[in-house]
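J.: One file: structure-v7.cif (mmCIF, C-alpha atoms).
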```cif
data_protein
#
loop_
_atom_site.label_atom_id
_atom_site.label_comp_id
_atom_site.auth_asym_id
_atom_site.auth_seq_id
_atom_site.Cartn_x
_atom_site.Cartn_y
_atom_site.Cartn_z
CA MET Z 1 -122.66 34.24 -40.18
CA SER Z 2 -121.20 30.73 -40.06
CA ASN Z 3 -120.32 28.82 -36.93
CA PRO Z 4 -116.74 28.75 -35.59
CA MET Z 5 -114.28 26.49 -37.34
CA ILE Z 6 -113.35 22.96 -36.31
CA GLN Z 7 -110.27 21.11 -37.54
CA ILE Z 8 -110.30 17.30 -37.68
CA GLY Z 9 -106.98 15.96 -38.85
CA ASP Z 10 -106.12 18.27 -41.73
CA VAL Z 11 -109.73 19.11 -42.62
CA VAL Z 12 -111.05 22.50 -41.48
CA ARG Z 13 -114.78 23.25 -41.69
CA PRO Z 14 -117.46 25.22 -39.82
CA MET Z 15 -118.99 23.47 -36.84
CA THR Z 16 -122.41 21.99 -37.36
CA ASP Z 17 -125.17 23.59 -35.30
CA GLU Z 18 -125.09 20.61 -32.94
CA GLU Z 19 -121.32 20.84 -32.51
CA TYR Z 20 -121.55 24.58 -31.93
CA ALA Z 21 -124.30 24.25 -29.29
CA GLU Z 22 -122.32 21.58 -27.47
CA TRP Z 23 -119.12 23.67 -27.60
CA VAL Z 24 -120.88 26.73 -26.16
CA LYS Z 25 -122.46 24.68 -23.37
CA THR Z 26 -119.17 23.02 -22.44
CA GLY Z 27 -117.32 26.34 -22.53
CA GLN Z 28 -119.78 27.82 -20.05
CA GLU Z 29 -119.33 24.82 -17.76
CA MET Z 30 -115.54 25.08 -17.99
CA SER Z 31 -115.59 28.79 -17.18
CA THR Z 32 -117.61 28.37 -14.01
CA PRO Z 33 -115.61 27.09 -11.03
CA THR Z 34 -117.24 24.75 -8.56
CA VAL Z 35 -117.90 25.78 -4.96
CA GLU Z 36 -115.17 23.36 -3.89
CA GLN Z 37 -112.66 24.96 -6.29
CA VAL Z 38 -113.52 28.43 -5.02
CA GLU Z 39 -113.16 27.37 -1.39
CA SER Z 40 -109.84 25.70 -2.12
CA ALA Z 41 -108.53 28.80 -3.89
CA ARG Z 42 -109.70 31.07 -1.08
CA LEU Z 43 -108.12 28.88 1.58
CA ASN Z 44 -104.83 28.90 -0.27
CA GLN Z 45 -104.85 32.64 -0.77
CA TYR Z 46 -105.85 33.39 2.83
CA GLU Z 47 -102.82 31.40 3.89
CA HIS Z 48 -100.42 33.19 1.55
CA TYR Z 49 -101.93 36.66 1.35
CA SER Z 50 -104.21 37.75 4.18
CA ASP Z 51 -103.05 35.60 7.11
CA PRO Z 52 -99.55 37.18 7.15
CA ILE Z 53 -101.21 40.60 7.36
CA PHE Z 54 -103.33 39.33 10.26
CA PHE Z 55 -100.22 38.39 12.21
CA LYS Z 56 -98.58 41.70 11.33
CA TRP Z 57 -101.67 43.41 12.74
CA GLN Z 58 -101.30 41.32 15.93
CA ARG Z 59 -97.70 42.51 16.24
CA GLY Z 60 -98.67 46.09 15.60
CA ASP Z 61 -97.02 46.21 12.15
CA ALA Z 62 -100.30 46.48 10.18
CA THR Z 63 -103.82 47.66 10.80
CA GLU Z 64 -107.05 45.75 11.16
CA ALA Z 65 -108.35 47.62 8.14
CA GLU Z 66 -105.44 46.36 6.02
CA TRP Z 67 -106.17 42.79 7.09
CA ARG Z 68 -109.90 43.11 6.37
CA GLU Z 69 -109.08 44.65 3.00
CA ALA Z 70 -106.86 41.68 2.18
CA VAL Z 71 -109.60 39.23 3.13
CA ALA Z 72 -112.09 41.13 1.02
CA LYS Z 73 -109.71 41.04 -1.94
CA VAL Z 74 -109.37 37.25 -1.73
CA LYS Z 75 -113.15 36.91 -1.70
CA ALA Z 76 -113.56 39.33 -4.59
CA ASP Z 77 -110.90 37.51 -6.65
CA ASN Z 78 -112.59 34.15 -6.03
CA PRO Z 79 -116.34 34.63 -6.24
CA TYR Z 80 -118.72 31.73 -5.73
CA PRO Z 81 -120.47 30.46 -8.85
CA PRO Z 82 -124.04 31.58 -9.36
CA ALA Z 83 -126.69 29.30 -7.88
CA PRO Z 84 -127.78 26.68 -10.40
CA MET O 1 -67.48 2.07 -30.48
CA ALA O 2 -65.14 0.69 -33.13
CA LEU O 3 -66.50 -1.39 -35.96
CA PRO O 4 -65.93 -5.17 -35.60
CA VAL O 5 -63.83 -5.15 -38.74
CA THR O 6 -60.99 -2.78 -39.51
CA TYR O 7 -61.11 -1.53 -43.06
CA VAL O 8 -58.17 0.02 -44.82
CA ALA O 9 -57.99 2.98 -47.15
CA GLY O 10 -58.90 2.12 -50.72
CA GLN O 11 -60.61 -1.14 -49.84
CA VAL O 12 -63.80 -1.91 -51.79
CA LEU O 13 -66.58 -2.96 -49.43
CA GLU O 14 -68.91 -5.71 -50.52
CA ALA O 15 -72.43 -6.47 -49.40
CA GLN O 16 -71.52 -9.14 -46.88
CA GLU O 17 -68.96 -6.92 -45.24
CA LEU O 18 -71.53 -4.18 -44.89
CA ASN O 19 -74.11 -6.63 -43.54
CA ASP O 20 -71.57 -7.86 -41.00
CA SER O 21 -70.68 -4.36 -39.89
CA PHE O 22 -73.95 -2.47 -39.59
CA ILE O 23 -77.25 -3.06 -37.87
CA TYR O 24 -80.43 -1.03 -38.03
CA VAL O 25 -81.46 0.37 -34.70
CA GLU O 26 -85.19 1.16 -34.67
CA PRO O 27 -86.04 4.45 -32.96
CA GLY O 28 -87.75 4.22 -29.58
CA SER O 29 -90.67 6.26 -30.81
CA LYS O 30 -92.43 6.94 -34.07
CA LEU O 31 -94.06 10.18 -35.14
CA ILE O 32 -97.70 9.30 -35.76
CA THR O 33 -99.02 12.70 -36.69
CA ALA O 34 -98.08 16.36 -36.56
CA ALA O 35 -100.60 19.09 -37.21
CA THR O 36 -100.88 22.81 -36.96
CA PHE O 37 -104.15 24.66 -36.49
CA THR O 38 -105.01 28.31 -36.98
CA THR O 39 -107.92 30.29 -35.48
CA VAL O 40 -110.19 27.32 -34.93
CA SER O 41 -112.49 26.69 -31.96
CA THR O 42 -111.89 22.95 -31.81
CA VAL O 43 -109.11 20.74 -33.08
CA SER O 44 -109.43 16.95 -33.24
CA MET O 45 -106.96 14.29 -34.21
CA ALA O 46 -107.96 12.27 -37.24
CA ALA O 47 -109.69 8.94 -36.67
CA SER O 48 -107.34 6.05 -35.87
CA THR O 49 -104.50 8.26 -34.66
CA PHE O 50 -104.26 5.85 -31.72
CA THR O 51 -104.19 2.21 -32.75
CA SER O 52 -103.33 -1.05 -31.05
CA THR O 53 -99.81 -0.85 -32.49
CA TYR O 54 -98.67 1.05 -29.40
CA ASP O 55 -99.74 0.94 -25.77
CA GLU O 56 -98.33 4.36 -24.90
CA TYR O 57 -98.46 7.57 -26.87
CA GLN O 58 -96.59 10.77 -26.15
CA VAL O 59 -98.45 13.97 -27.03
CA PHE O 60 -97.11 17.50 -27.29
CA PHE O 61 -99.71 20.25 -27.50
CA ALA O 62 -98.87 23.95 -27.70
CA LEU O 63 -100.68 27.19 -28.29
CA THR O 64 -99.20 30.07 -30.25
CA ALA O 65 -102.25 32.35 -30.11
CA ALA O 66 -105.64 32.61 -28.43
CA SER O 67 -108.40 35.14 -29.05
CA ALA O 68 -109.65 34.97 -25.47
CA GLY O 69 -108.21 33.93 -22.15
CA GLY O 70 -109.80 30.95 -20.46
CA ALA O 71 -109.83 27.25 -19.88
CA ILE O 72 -108.62 24.69 -22.39
CA GLY O 73 -110.58 21.45 -22.65
CA ILE O 74 -109.39 18.01 -23.65
CA ARG O 75 -111.51 15.03 -24.66
CA VAL O 76 -110.88 11.55 -25.97
CA ASN O 77 -112.25 10.61 -29.37
CA ASN O 78 -114.26 7.72 -30.71
CA ALA O 79 -113.72 7.33 -34.47
CA GLY O 80 -112.50 10.91 -34.65
CA THR O 81 -115.42 12.38 -32.71
CA ALA O 82 -115.03 13.70 -29.16
CA ARG O 83 -116.71 11.79 -26.37
CA THR O 84 -118.92 14.19 -24.38
CA ALA O 85 -120.29 11.98 -21.60
CA ALA O 86 -119.52 12.98 -17.99
CA ASN O 87 -116.76 10.40 -17.66
CA TYR O 88 -113.70 12.58 -17.16
CA ALA O 89 -111.71 13.00 -13.95
CA HIS O 90 -108.44 14.74 -13.20
CA GLN O 91 -106.00 15.76 -10.50
CA PHE O 92 -103.74 18.78 -10.95
CA VAL O 93 -101.05 20.31 -8.75
CA TYR O 94 -99.36 23.57 -9.67
CA ARG O 95 -97.31 26.51 -8.59
CA GLN O 96 -97.65 30.09 -9.82
CA SER O 97 -94.89 32.61 -10.33
CA ASN O 98 -96.14 34.61 -7.34
CA GLY O 99 -95.39 31.70 -5.01
CA PHE O 100 -98.90 30.28 -4.72
CA SER O 101 -99.09 26.52 -4.79
CA ASN O 102 -102.37 24.74 -5.09
CA GLY O 103 -104.19 22.01 -6.89
CA ASN O 104 -107.59 20.87 -7.93
CA ASP O 105 -109.43 17.76 -8.89
CA ALA O 106 -112.75 16.87 -10.39
CA THR O 107 -114.81 13.84 -11.31
CA GLY O 108 -117.82 13.35 -13.52
CA GLN O 109 -116.80 16.13 -15.90
CA THR O 110 -117.73 16.29 -19.58
CA SER O 111 -114.13 17.19 -20.48
CA LEU O 112 -110.73 17.57 -18.89
CA SER O 113 -110.08 21.16 -17.94
CA PHE O 114 -107.44 21.91 -15.35
CA ALA O 115 -105.54 24.92 -16.66
CA GLY O 116 -106.17 27.70 -19.08
CA THR O 117 -104.31 30.25 -21.04
CA SER O 118 -104.13 34.00 -21.24
CA THR O 119 -104.12 35.89 -24.51
CA THR O 120 -100.36 36.02 -24.16
CA PRO O 121 -100.34 32.29 -24.61
CA PHE O 122 -97.80 30.14 -23.02
CA TYR O 123 -99.86 26.97 -22.90
CA ARG O 124 -97.66 23.91 -23.37
CA THR O 125 -98.49 20.43 -22.20
CA ALA O 126 -96.64 17.18 -22.81
CA PHE O 127 -98.26 13.99 -21.69
CA THR O 128 -98.51 10.24 -22.04
CA VAL O 129 -101.71 8.50 -23.07
CA SER O 130 -101.79 4.93 -21.81
CA LEU O 131 -103.68 2.10 -23.49
CA PRO O 132 -106.14 4.36 -25.32
CA THR O 133 -107.44 1.62 -27.59
CA SER O 134 -108.16 -0.85 -24.82
CA ALA O 135 -111.86 -1.68 -24.55
CA THR O 136 -111.36 -3.22 -21.13
CA LEU O 137 -109.18 -0.63 -19.37
CA ALA O 138 -109.88 3.06 -18.87
CA THR O 139 -107.72 5.50 -20.85
CA ARG O 140 -105.29 7.26 -18.53
CA MET O 141 -103.14 10.30 -19.18
CA HIS O 142 -100.45 12.00 -17.16
CA GLY O 143 -98.15 14.86 -17.94
CA THR O 144 -96.82 18.29 -17.21
CA ILE O 145 -98.00 21.72 -18.22
CA THR O 146 -96.72 25.25 -18.26
CA SER O 147 -99.03 28.09 -19.07
CA ARG O 148 -100.03 31.62 -18.22
CA SER O 149 -103.14 31.98 -16.14
CA ALA O 150 -106.13 33.71 -17.70
CA LEU O 151 -107.17 34.79 -14.20
CA ASN O 152 -104.15 36.83 -13.20
CA ASP O 153 -101.67 36.56 -16.12
CA LEU O 154 -99.12 34.78 -13.94
CA ASP O 155 -96.98 31.90 -15.15
CA ILE O 156 -98.24 28.59 -13.86
CA SER O 157 -96.60 25.17 -14.06
CA GLY O 158 -97.70 21.83 -12.76
CA ALA O 159 -98.30 18.15 -13.18
CA TRP O 160 -101.55 16.46 -13.97
CA GLY O 161 -103.14 13.07 -14.25
CA ALA O 162 -106.49 12.23 -15.75
CA VAL O 163 -108.70 9.36 -16.68
CA TYR O 164 -111.59 8.74 -19.02
CA THR O 165 -113.34 6.50 -16.57
CA THR O 166 -115.32 4.26 -18.91
CA ALA O 167 -113.41 1.38 -20.45
CA GLU O 168 -113.88 2.16 -24.12
CA ALA O 169 -111.48 2.24 -27.04
CA ASN O 170 -110.40 5.77 -27.97
CA ASP O 171 -108.56 6.65 -31.14
CA GLY O 172 -107.53 10.28 -30.65
CA LEU O 173 -107.95 13.50 -28.71
CA THR O 174 -109.83 16.76 -29.11
CA PHE O 175 -108.72 20.14 -27.74
CA PHE O 176 -110.82 23.29 -27.49
CA PRO O 177 -110.90 26.68 -25.76
CA ALA O 178 -113.83 27.58 -23.51
CA SER O 179 -114.51 30.49 -25.83
CA GLY O 180 -113.02 32.12 -28.90
CA THR O 181 -110.40 30.56 -31.14
CA PHE O 182 -106.88 29.31 -30.74
CA SER O 183 -103.85 28.48 -32.87
CA GLY O 184 -100.98 26.12 -32.27
CA TYR O 185 -99.78 22.64 -33.01
CA TYR O 186 -99.75 19.10 -31.71
CA ARG O 187 -97.47 16.14 -32.22
CA VAL O 188 -98.22 12.51 -31.41
CA TYR O 189 -95.58 9.81 -31.02
CA GLY O 190 -96.11 6.10 -30.55
CA MET O 191 -93.73 4.55 -28.04
CA ARG O 192 -92.18 1.31 -29.22
CA GLN O 193 -92.68 -1.55 -26.77
CA SER O 194 -89.64 -3.68 -27.54
#
```
Using structure tokens, write down the structure that the file contains.
T.:
Amino acid sequence: MSNPMIQIGDVVRPMTDEEYAEWVKTGQEMSTPTVEQVESARLNQYEHYSDPIFFKWQRGDATEAEWREAVAKVKADNPYPPAP
Amino acid sequence: MALPVTYVAGQVLEAQELNDSFIYVEPGSKLITAATFTTVSTVSMAASTFTSTYDEYQVFFALTAASAGGAIGIRVNNAGTARTAANYAHQFVYRQSNGFSNGNDATGQTSLSFAGTSTTPFYRTAFTVSLPTSATLATRMHGTITSRSALNDLDISGAWGAVYTTAEANDGLTFFPASGTFSGYYRVYGMRQS
């Protein structure tokens, strides 16, 4: 089975083995968020998603369980990358 | 605006009259290249797409299909081949259709990757590449993007800036998905300087 195709200008050909290895490696790097990116995403989503539920809980309009569920969802949606 | 000379019906125009009446206005930009690509895993501009003829290039890149959702990478080229050193940095601010606003930045990356696409592709980015062929100034890019997130299939739009931090001459760009294949097109325009 040949490697995936690469197009350079108008020329389309299979990737060389070196090009394919480099593309796979880069794709894996691109698909793995950094710890800083995960923390930034979590912070943003706490603010918009789980914090409002926290304040509803404080006012008696939501339950602690609903707030904890929201926090857990944010963490599950934004997992930390595996340790290098 | 009226012509400087008023001609009358039936009059035969001669060369000098035409020369006196018309001027050629050069367009502000010139189409350098336009390409489509279909189910490839990497697409690169041909060597010498960017030349010293223009300082600024306008690039339009769009996807029409993708076999997998995920990030889209961009690299600068040297003689038609992508540069892979960890010399890429970007800043990206965006808003999603569910009301989330956020941003991200990175330095020391081996490619630019700040937004991805779902398999219902909506990835469109238009951006300016500044001084790509300068060997003494870093190549900078800035533009806007609208896409559909691979993570949650929400529309996402934003603005981005990026730099290839090493001062080296670059003559094109390479685009690639993190996995799978993609289809689409790109257009490159050189912006006239005077």
J.: Nearest to chain Z among O:His142, O:Arg124, O:Arg148, O:Arg95, with distances taken over all atoms listed in the file: which residue is it?
T.: O:Arg95
J.: Between chain Z and chain O, at 6 Å or less, what are the per-residue closest atom pairs and their distances in Å? Count all atoms listed in the file, order by chain and rising residue number, and return it as CSV.
T.:
```
residue,atom,partner,partner_atom,distance
Z:Pro4,CA,O:Ser41,CA,6.0
Z:Met5,CA,O:Val40,CA,4.8
Z:Ile6,CA,O:Thr42,CA,4.7
Z:Gln7,CA,O:Val43,CA,4.6
Z:Ile8,CA,O:Ser44,CA,4.5
Z:Gly9,CA,O:Ala46,CA,4.1
Z:Gly27,CA,O:Ala178,CA,3.8
```
J.: Work out how far atom CA of Tyr123 of chain O is from atom CA of Leu31 of chain O, in Å to one decimal.
T.: 21.6 Å
J.: Can you pull out every residue within 10 Å of Val38 of chain Z, counting only C-alpha atoms, but drop anything in the same chain fewer than 2 positions away, and send it as a PyMOL selection string?
T.: chain Z and resi 32-36+40-44+75+77-81
J.: Hey, can you check how far atom CA of Gly158 of chain O sits from atom CA of Gln96 of chain O?
T.: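 Between atom CA of Gly158 of chain O and atom CA of Gln96 of chain O the gap works out to 8.8 Å.
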J.: How many Å separate atom CA of Phe54 of chain Z from atom CA of Asp153 of chain O?
T.: 26.6 Å
J.: Determine the axis-aligned bounding box of all atoms of segment 75-93 of chain O present in the file, pad each side by 8 Å, and express its centre and edge lengths in Å to one decimal place as AutoDock Vina command-line options.
T.:
```
--center_x -110.7 --center_y 13.8 --center_z -21.7 --size_x 35.2 --size_y 29.0 --size_z 41.9
```
J.: So that I can see what lies close to Val71 of chain Z, please list as a list in words the residues with an atom at most 8 Å from it, counting all atoms listed in the file and leaving out residues fewer than 3 positions away in the same chain.
T.: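 That gives Tyr46, Ser50, Trp67, Arg68, Val74 and Lys75 of chain Z.
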J.: Applied to the shown file, which residues does the PyMOL selection byres ((chain Z and resi 20) around 10) return, written as a list in words?
T.: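 Evaluating the PyMOL selection byres ((chain Z and resi 20) around 10) on this file yields Asn3, Pro4, Met5, Ile6, Pro14, Met15, Thr16, Asp17, Glu18, Glu19, Ala21, Glu22, Trp23, Val24, Lys25 and Thr26 of chain Z; Ser41 and Thr42 of chain O.
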J.: Can you list, as a PyMOL selection string, the residues that the PyMOL selection byres ((chain O and resi 32) around 10) selects here?
T.: chain O and resi 29-31+33-34+49-50+57-59+187-191
